[in-house]
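Containing mmCIF, N, CA and C atoms: upload_10.cif.
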data_protein
loop_
_atom_site.label_atom_id
_atom_site.label_comp_id
_atom_site.auth_asym_id
_atom_site.auth_seq_id
_atom_site.Cartn_x
_atom_site.Cartn_y
_atom_site.Cartn_z
N MET A 1 0.83 -1.19 0.00
CA MET A 1 0.00 0.00 0.00
C MET A 1 0.87 1.24 0.00
N LEU A 2 0.33 2.30 -0.58
CA LEU A 2 1.02 3.59 -0.58
C LEU A 2 0.48 4.47 0.54
N PHE A 3 1.38 5.30 1.07
CA PHE A 3 1.02 6.22 2.15
C PHE A 3 1.68 7.57 1.92
N MET A 4 0.92 8.63 2.19
CA MET A 4 1.50 9.96 2.26
C MET A 4 1.73 10.22 3.74
N VAL A 5 2.97 10.44 4.10
CA VAL A 5 3.31 10.72 5.49
C VAL A 5 3.57 12.22 5.60
N VAL A 6 2.81 12.87 6.46
CA VAL A 6 3.01 14.29 6.71
C VAL A 6 3.74 14.40 8.04
N GLU A 7 4.95 14.93 7.97
CA GLU A 7 5.75 15.15 9.17
C GLU A 7 5.66 16.62 9.52
N ARG A 8 5.23 16.91 10.72
CA ARG A 8 5.22 18.29 11.21
C ARG A 8 6.41 18.46 12.14
N PHE A 9 7.37 19.26 11.69
CA PHE A 9 8.56 19.48 12.49
C PHE A 9 8.18 20.24 13.75
N LYS A 10 8.61 19.76 14.90
CA LYS A 10 8.36 20.49 16.14
C LYS A 10 9.14 21.80 16.10
N ASP A 11 8.65 22.82 16.79
CA ASP A 11 9.22 24.16 16.71
C ASP A 11 10.73 24.18 16.84
N GLY A 12 11.37 24.75 15.82
CA GLY A 12 12.81 24.95 15.85
C GLY A 12 13.65 23.68 15.76
N LYS A 13 13.06 22.57 15.36
CA LYS A 13 13.78 21.29 15.38
C LYS A 13 14.35 20.87 14.02
N ALA A 14 14.18 21.70 12.98
CA ALA A 14 14.64 21.31 11.64
C ALA A 14 16.13 20.96 11.62
N LYS A 15 16.96 21.76 12.27
CA LYS A 15 18.40 21.47 12.27
C LYS A 15 18.70 20.15 12.97
N GLU A 16 18.01 19.89 14.08
CA GLU A 16 18.21 18.62 14.80
C GLU A 16 17.76 17.44 13.96
N ILE A 17 16.66 17.60 13.23
CA ILE A 17 16.15 16.54 12.37
C ILE A 17 17.18 16.20 11.30
N TYR A 18 17.69 17.22 10.62
CA TYR A 18 18.66 16.97 9.55
C TYR A 18 19.99 16.46 10.10
N ARG A 19 20.36 16.90 11.29
CA ARG A 19 21.59 16.38 11.90
C ARG A 19 21.45 14.89 12.19
N ARG A 20 20.33 14.49 12.78
CA ARG A 20 20.10 13.07 13.07
C ARG A 20 20.05 12.25 11.78
N PHE A 21 19.40 12.81 10.76
CA PHE A 21 19.32 12.12 9.47
C PHE A 21 20.72 11.90 8.89
N GLN A 22 21.59 12.93 8.98
CA GLN A 22 22.96 12.79 8.47
C GLN A 22 23.75 11.75 9.25
N GLU A 23 23.52 11.68 10.55
CA GLU A 23 24.27 10.75 11.40
C GLU A 23 23.75 9.32 11.33
N LYS A 24 22.41 9.15 11.25
CA LYS A 24 21.81 7.82 11.39
C LYS A 24 20.97 7.36 10.21
N GLY A 25 20.76 8.24 9.22
CA GLY A 25 19.90 7.90 8.10
C GLY A 25 18.44 7.95 8.51
N ARG A 26 17.59 7.32 7.72
CA ARG A 26 16.15 7.35 7.98
C ARG A 26 15.73 6.43 9.13
N MET A 27 16.55 5.47 9.46
CA MET A 27 16.27 4.50 10.53
C MET A 27 14.95 3.77 10.28
N MET A 28 14.74 3.38 9.04
CA MET A 28 13.51 2.68 8.68
C MET A 28 13.73 1.17 8.74
N PRO A 29 12.77 0.46 9.29
CA PRO A 29 12.90 -1.01 9.32
C PRO A 29 12.72 -1.59 7.92
N GLU A 30 13.29 -2.77 7.72
CA GLU A 30 13.14 -3.46 6.44
C GLU A 30 11.65 -3.71 6.18
N GLY A 31 11.22 -3.41 4.96
CA GLY A 31 9.81 -3.57 4.61
C GLY A 31 9.07 -2.25 4.51
N LEU A 32 9.63 -1.19 5.09
CA LEU A 32 9.06 0.15 4.95
C LEU A 32 9.91 0.86 3.91
N LYS A 33 9.29 1.21 2.80
CA LYS A 33 10.04 1.72 1.65
C LYS A 33 9.76 3.21 1.43
N TYR A 34 10.82 4.00 1.44
CA TYR A 34 10.77 5.42 1.13
C TYR A 34 10.79 5.57 -0.39
N LEU A 35 9.87 6.38 -0.95
CA LEU A 35 9.84 6.59 -2.39
C LEU A 35 10.30 7.99 -2.80
N ASP A 36 9.82 9.02 -2.09
CA ASP A 36 10.19 10.39 -2.42
C ASP A 36 9.70 11.32 -1.32
N SER A 37 10.20 12.56 -1.30
CA SER A 37 9.72 13.51 -0.30
C SER A 37 9.86 14.94 -0.79
N TRP A 38 9.11 15.82 -0.12
CA TRP A 38 9.09 17.24 -0.41
C TRP A 38 9.00 17.98 0.93
N VAL A 39 9.71 19.10 1.04
CA VAL A 39 9.72 19.87 2.27
C VAL A 39 9.20 21.27 1.99
N GLU A 40 8.33 21.76 2.88
CA GLU A 40 7.84 23.14 2.76
C GLU A 40 9.03 24.10 2.85
N VAL A 41 8.92 25.22 2.16
CA VAL A 41 10.02 26.17 2.15
C VAL A 41 10.32 26.77 3.53
N ASN A 42 9.34 26.77 4.42
CA ASN A 42 9.55 27.32 5.76
C ASN A 42 9.99 26.25 6.78
N PHE A 43 10.25 25.02 6.32
CA PHE A 43 10.71 23.90 7.15
C PHE A 43 9.69 23.47 8.22
N ASP A 44 8.41 23.75 7.99
CA ASP A 44 7.39 23.33 8.95
C ASP A 44 6.96 21.88 8.76
N ARG A 45 6.90 21.45 7.48
CA ARG A 45 6.41 20.10 7.21
C ARG A 45 7.22 19.44 6.09
N CYS A 46 7.23 18.12 6.17
CA CYS A 46 7.81 17.28 5.12
C CYS A 46 6.72 16.30 4.68
N PHE A 47 6.60 16.10 3.39
CA PHE A 47 5.62 15.17 2.83
C PHE A 47 6.41 14.02 2.21
N GLN A 48 6.18 12.81 2.70
CA GLN A 48 6.92 11.66 2.20
C GLN A 48 5.97 10.64 1.60
N LEU A 49 6.31 10.16 0.42
CA LEU A 49 5.57 9.08 -0.20
C LEU A 49 6.28 7.79 0.18
N MET A 50 5.53 6.86 0.80
CA MET A 50 6.12 5.62 1.28
C MET A 50 5.24 4.45 0.91
N GLU A 51 5.85 3.27 0.95
CA GLU A 51 5.13 2.03 0.62
C GLU A 51 5.37 1.03 1.74
N CYS A 52 4.29 0.32 2.11
CA CYS A 52 4.40 -0.61 3.23
C CYS A 52 3.17 -1.52 3.27
N ASP A 53 3.38 -2.76 3.69
CA ASP A 53 2.26 -3.69 3.85
C ASP A 53 1.98 -4.03 5.31
N ASP A 54 2.80 -3.53 6.22
CA ASP A 54 2.65 -3.83 7.64
C ASP A 54 2.73 -2.53 8.44
N LEU A 55 1.60 -2.05 8.94
CA LEU A 55 1.57 -0.76 9.63
C LEU A 55 2.44 -0.72 10.89
N ARG A 56 2.74 -1.87 11.45
CA ARG A 56 3.62 -1.89 12.64
C ARG A 56 5.01 -1.35 12.31
N LEU A 57 5.41 -1.44 11.04
CA LEU A 57 6.71 -0.90 10.65
C LEU A 57 6.73 0.62 10.76
N PHE A 58 5.59 1.26 10.51
CA PHE A 58 5.51 2.71 10.73
C PHE A 58 5.71 3.03 12.21
N GLN A 59 5.11 2.24 13.08
CA GLN A 59 5.26 2.46 14.51
C GLN A 59 6.73 2.38 14.92
N GLU A 60 7.42 1.39 14.40
CA GLU A 60 8.85 1.22 14.72
C GLU A 60 9.65 2.43 14.23
N TRP A 61 9.37 2.88 13.04
CA TRP A 61 10.09 4.01 12.46
C TRP A 61 9.80 5.30 13.22
N ILE A 62 8.52 5.56 13.51
CA ILE A 62 8.12 6.78 14.21
C ILE A 62 8.77 6.85 15.59
N PHE A 63 8.95 5.71 16.22
CA PHE A 63 9.56 5.68 17.55
C PHE A 63 10.91 6.40 17.57
N HIS A 64 11.67 6.33 16.48
CA HIS A 64 13.00 6.96 16.39
C HIS A 64 12.94 8.48 16.21
N TRP A 65 11.79 9.01 15.82
CA TRP A 65 11.69 10.42 15.45
C TRP A 65 10.67 11.22 16.25
N GLN A 66 9.89 10.57 17.10
CA GLN A 66 8.76 11.25 17.74
C GLN A 66 9.16 12.40 18.66
N ASP A 67 10.40 12.46 19.09
CA ASP A 67 10.84 13.59 19.91
C ASP A 67 11.01 14.86 19.10
N LEU A 68 11.14 14.72 17.76
CA LEU A 68 11.39 15.87 16.89
C LEU A 68 10.25 16.16 15.92
N VAL A 69 9.40 15.16 15.67
CA VAL A 69 8.41 15.26 14.59
C VAL A 69 7.07 14.69 15.06
N GLU A 70 5.99 15.31 14.60
CA GLU A 70 4.64 14.74 14.75
C GLU A 70 4.23 14.19 13.40
N PHE A 71 3.61 13.01 13.39
CA PHE A 71 3.32 12.30 12.15
C PHE A 71 1.83 12.18 11.87
N GLU A 72 1.48 12.26 10.60
CA GLU A 72 0.16 11.90 10.11
C GLU A 72 0.39 10.94 8.94
N ILE A 73 -0.22 9.76 9.00
CA ILE A 73 -0.01 8.74 7.97
C ILE A 73 -1.34 8.52 7.26
N ILE A 74 -1.34 8.77 5.95
CA ILE A 74 -2.56 8.75 5.16
C ILE A 74 -2.44 7.70 4.06
N PRO A 75 -3.30 6.66 4.10
CA PRO A 75 -3.30 5.69 2.99
C PRO A 75 -3.81 6.38 1.72
N ILE A 76 -3.13 6.13 0.61
CA ILE A 76 -3.52 6.77 -0.65
C ILE A 76 -3.58 5.75 -1.78
N VAL A 77 -4.30 6.12 -2.83
CA VAL A 77 -4.43 5.31 -4.04
C VAL A 77 -4.06 6.21 -5.22
N PRO A 78 -3.22 5.74 -6.14
CA PRO A 78 -2.88 6.57 -7.31
C PRO A 78 -4.13 7.00 -8.08
N SER A 79 -4.09 8.19 -8.64
CA SER A 79 -5.24 8.76 -9.35
C SER A 79 -5.73 7.85 -10.47
N LYS A 80 -4.81 7.25 -11.22
CA LYS A 80 -5.21 6.38 -12.32
C LYS A 80 -6.06 5.21 -11.82
N GLU A 81 -5.64 4.60 -10.71
CA GLU A 81 -6.40 3.48 -10.15
C GLU A 81 -7.76 3.95 -9.62
N THR A 82 -7.79 5.12 -9.03
CA THR A 82 -9.06 5.67 -8.53
C THR A 82 -10.01 5.94 -9.70
N ALA A 83 -9.48 6.48 -10.79
CA ALA A 83 -10.31 6.73 -11.98
C ALA A 83 -10.91 5.43 -12.51
N GLU A 84 -10.13 4.35 -12.48
CA GLU A 84 -10.64 3.06 -12.93
C GLU A 84 -11.79 2.58 -12.04
N VAL A 85 -11.65 2.75 -10.73
CA VAL A 85 -12.72 2.35 -9.81
C VAL A 85 -13.97 3.16 -10.09
N VAL A 86 -13.83 4.45 -10.23
CA VAL A 86 -14.98 5.32 -10.47
C VAL A 86 -15.63 4.98 -11.82
N THR A 87 -14.81 4.79 -12.85
CA THR A 87 -15.35 4.46 -14.17
C THR A 87 -16.10 3.13 -14.14
N ASN A 88 -15.53 2.14 -13.48
CA ASN A 88 -16.20 0.84 -13.38
C ASN A 88 -17.48 0.93 -12.59
N THR A 89 -17.53 1.76 -11.57
CA THR A 89 -18.72 1.92 -10.75
C THR A 89 -19.81 2.62 -11.54
N ILE A 90 -19.44 3.61 -12.34
CA ILE A 90 -20.42 4.34 -13.15
C ILE A 90 -21.03 3.40 -14.20
N SER A 91 -20.22 2.51 -14.74
CA SER A 91 -20.68 1.59 -15.80
C SER A 91 -21.68 0.57 -15.28
N LEU A 92 -21.67 0.31 -13.98
CA LEU A 92 -22.58 -0.69 -13.42
C LEU A 92 -23.94 -0.14 -13.42
#

Take the structure in the file and write it out as structure tokens.
Amino acid sequence: MLFMVVERFKDGKAKEIYRRFQEKGRMMPEGLKYLDSWVEVNFDRCFQLMECDDLRLFQEWIFHWQDLVEFEIIPIVPSKETAEVVTNTISL
């Protein structure tokens, strides 16, 4: 499954987040796959596209970052697949 992960950087923690990332990497367990990310220009939030079949892996990953970041994990479906579902439903 695909997930959009919205990370809200805690106040003034952007430097600490990037320092930890440089020192330890993403600290993601095997099975949780990072695909891409985007950061707001004001360093308030990061949006990460990730793939995973076991939600417990998110819990393990978040445990390493929860002192610096608040997380929102949103299951998503690609637009093309959603269009197919809608088109098939309309045809019924």

**Report entry** For Ala14 of chain A, the nearest of the candidates A:Asp54, A:Glu30, A:Asp36, A:Asp44, counting only N, CA and C atoms
**Finding:** A:Asp44

Requested in this report: From the DSSP assignment of the backbone, select every residue of segment 1-88 of chain A that is strand (DSSP E or B), and format the answer as an MDAnalysis selection string.
Outcome: chainID A and resid 2:9 33:39 45:51 69:76

**Report entry** Contact residues around Gln66 of chain A with only C-alpha atoms at 12 Å, ignoring same-chain residues under 6 positions, as a ChimeraX atom specification
**Finding:** /A:7-10,13,17,58-60,72

**Report entry** Counting only C-alpha atoms, the residue of A:Asp11, A:Met27, A:Glu84, A:Trp38 that sits nearest Trp65 of chain A
**Finding:** A:Met27

Query raised in the report: In Å, with one decimal, what is the gap from atom N of Asn88 of chain A to atom CA of Ile76 of chain A?
Result: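 Taking atom N of Asn88 of chain A as the start and atom CA of Ile76 of chain A as the end point, the length is 18.2 Å.
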
Query raised in the report: Quick one, how far is atom CA of Asp53 of chain A from atom C of Glu23 of chain A?
Result: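 If I compute the distance from atom CA of Asp53 of chain A to atom C of Glu23 of chain A, I get 26.2 Å.
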
Requested in this report: Rounded to one decimal place, report the atom C of Trp61 of chain A-atom CA of Lys80 of chain A distance in Å.
Outcome: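 A separation of 29.6 Å between them.
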
Report task. Return the single residue from A:His64, A:Ile74, A:Val85, A:Leu49 that is closest to Lys24 of chain A, with distances computed using only C-alpha atoms. Result -> A:His64
